[in-house]
Each structure stands twice: as C-alpha cells, then as structure tokens.
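Asker: Questions regarding the structure given below will be posed in turn.
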Amino acid sequence: MTRITRRTALASLLATPALAQAEWRPSQPIRIVVPAAPGGTADISARLLAPYLQSHFGQNCVVENRSGAGGVIGTAEIVRAAPDGLNLLLGNIGPQAIGLSLYRSLPYDRTSLLPVAGTVRGPNVLVVHPSVPANSLPELVAYLKANPGKISYGSPGVGQSPHLTGVWFNQATGTESIHVPFRGAGPAAVELVAGNIQYMWDNLTSGIQQIRAGRVRALAVSSADRNFSLPDIPAARETMPELAQFDVNTWFGIFVPAATPRPIAEAINRAMKSWHETEEVKARWREMGGVSLYGSLEQYAAFVNGEIEKWGQVIRKEGLQLDAG
C-alpha cells in the first residue's frame, strides 16, 4: 500500500489547477476613473464596462469622471491609488501616450501604470458646423487660408488625440486656426453644434451620432483608410498630397497602478475578454464605428509602448512642449 504523507498530500493539492491558479476576486466595490468629462468615448467605454464587471465579480462598480489638464488629473489619482484591483483607470491615447512627451513635467511616467486591456480604437473624424462653407477637406483648407487665425476648432483637451490631430493637420496644410480646448469630447461637441466653434477632429466613436443626426458635417477621417461606418467619407490622406502621411487612430483602455499584482491584472483582463465577446459590446462598437482593442497583458502593453514611441517622435520633431496643469 502507498503511504500518503502530509507533504505529498499538500503537494497534490497545490498541483490542482483550481487551487494553484485560483482567480482573484474583489472583496470591495470597484471604481473606474475616467480622466475626461461625460459624453466622450472614454466615458462611454467605462459606463459600458462597469455593469459587466459588477455582474462578473459580484461587487458594485462605479464610474467617476475626473477631467482636467488633458487627462493628467484623473491619471494621477489612479497612480496614487492602492494597487489592489479596486482602482481602475479608463485611459486613452492622450494622457497615456501623447502626454508623456508633450508635457514638461508630469506626476507620473510610462512606468507608473500597468496596461490591462484595451476597450476600443478608431479614427478621428473632421466635422464642421453646417454654417462653414466647406463640403470637402480641400474646401476647408481654402477657407482657413482665406481667414488665417480667425477660425476656431475644438478638442476634448490639450494633449488629447483630437488636439494633436488638429495640430498636425494645420502644419501639414499650412493653415492657422484657433485651438479651443474643452474638458472632454461631449462639451466640445455641444459647442460645435451650437456654432461657437467652427470645426473639430472628434473621436469617430463619440461623434458619429452627431453626424448621423445631421447636426454636423463630416469631411474626412484621420485613419489611413476609410471607416466601414462612413464609407462615403474619405480618409484625409486621399484628399490632398500634403496629407499623404496622415494616419491617426485614437484608443482607450484599462490601466491599474504599476504595483498591482499580476494575478489581479490577469483576472481583470480575462473579465474584459469575455466582455468583448458579448453581443452587446460588439454591437455598440459597430454602432460607434470602432474596433475592439482587446489583447493579452503583453499585447496591450506592446501596443501602448508603440504609441508612446510614435507620438514621442512626432512631438519632438515639431518641438511641441507644454506645462502640465
């Protein structure tokens, strides 16, 4: 007869996958901090994700908007938070990539956060108020050149993707316009519809409803190719030789404090994988003109690092530098 000792019994238990790899589950409510105002894609992503995480983990999950300073305020709050899986950041291309090179000083750096999983990516779309006498991108360029420094464009904040898209657009086309930053895409869109600004590069995922409702007119998308949701709207680089290299996609995703244990990050990543596979989320991304950005921890981290390098090169080349805050 084989004798079973305490040591062999314990080793057998530890070798059992269900015990050796028991999934982390939160014991308290979760919060998702959105470093932008309500109404934009970051906010939409968070409010779509929160009820799923609440159901999946059996704990309340709330969304808190902490807008300001191009996403720096909300990001810094999560950087300082406990690395316990209860504090999530719905970050984006602005504070998590562009801002790292754009600002002279930040209360965090690229190592302060752990990328967990993306939510959605998509192009920006150039939209104008109906009063603007331009039905194509070249016509808008001609209008801007005829009114240098007189026409204003909005953005969801300094350092956000729509802002830098606008800067690159002006530089490439030799135009000059007035940048008016807002605390989020929602407030900027409200001012555009009201005619208080004349145009903006909006995230397609948040701006498409205004386009479909006819409140604004779309002239181009910032990606290299046309978007499936607006097949008749050209890519900017199709329209003018000066924009041949123009290619921008904005993106959003979940981050946690860098010291968060890997099993916690993996548990949240797995929950987000199943979330992405739901018909509700697939339908919402199609409706918004976006594409799922799910990936493993390694894949998402590689994507974010690639974006940091890309925008760092663009910003350094143009000599752009701003003070945070």
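Identifiers in the structure tokens: chain A, B, ... in order shown; residue index from 1 per chain; ligand index from 1 in order shown.
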Got a sec: who's within 9 Å of A:Leu102, counting only C-alpha atoms, leaving out chain neighbours fewer than 6 positions off, as an MDAnalysis selection string?

Answerer: chainID A and resid 159 311:312 315:316 320:324

Asker: Write out as a ChimeraX atom specification the residues lying within 12 Å of stretch 226-237 of chain A, counting only C-alpha atoms and excluding same-chain residues fewer than 6 positions away.

Answerer: /A:121-127,135-138,140-141,165-166,168-169,172-173,201,204-205,207-209,211-212,217-220,243-249,285-291

Asker: Restricting the calculation to only C-alpha atoms, which member of A:Leu192, A:Ile78, A:Val158, A:Ala146 is positioned closest to A:Ser177?

Answerer: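 Result for the nearest residue to A:Ser177: A:Ala146.
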
Asker: Quick one: of A:Val216, A:Ile98, A:Leu86, A:Ile44, who's nearest to A:Thr260, counting only C-alpha atoms?

Answerer: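 Residue with the minimum atom-to-atom distance to A:Thr260: A:Leu86.
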
Asker: If you measure from atom CA of A:Asn65 to atom CA of A:Pro261, what distance in Å do you get, rounded to one decimal?

Answerer: 25.1 Å
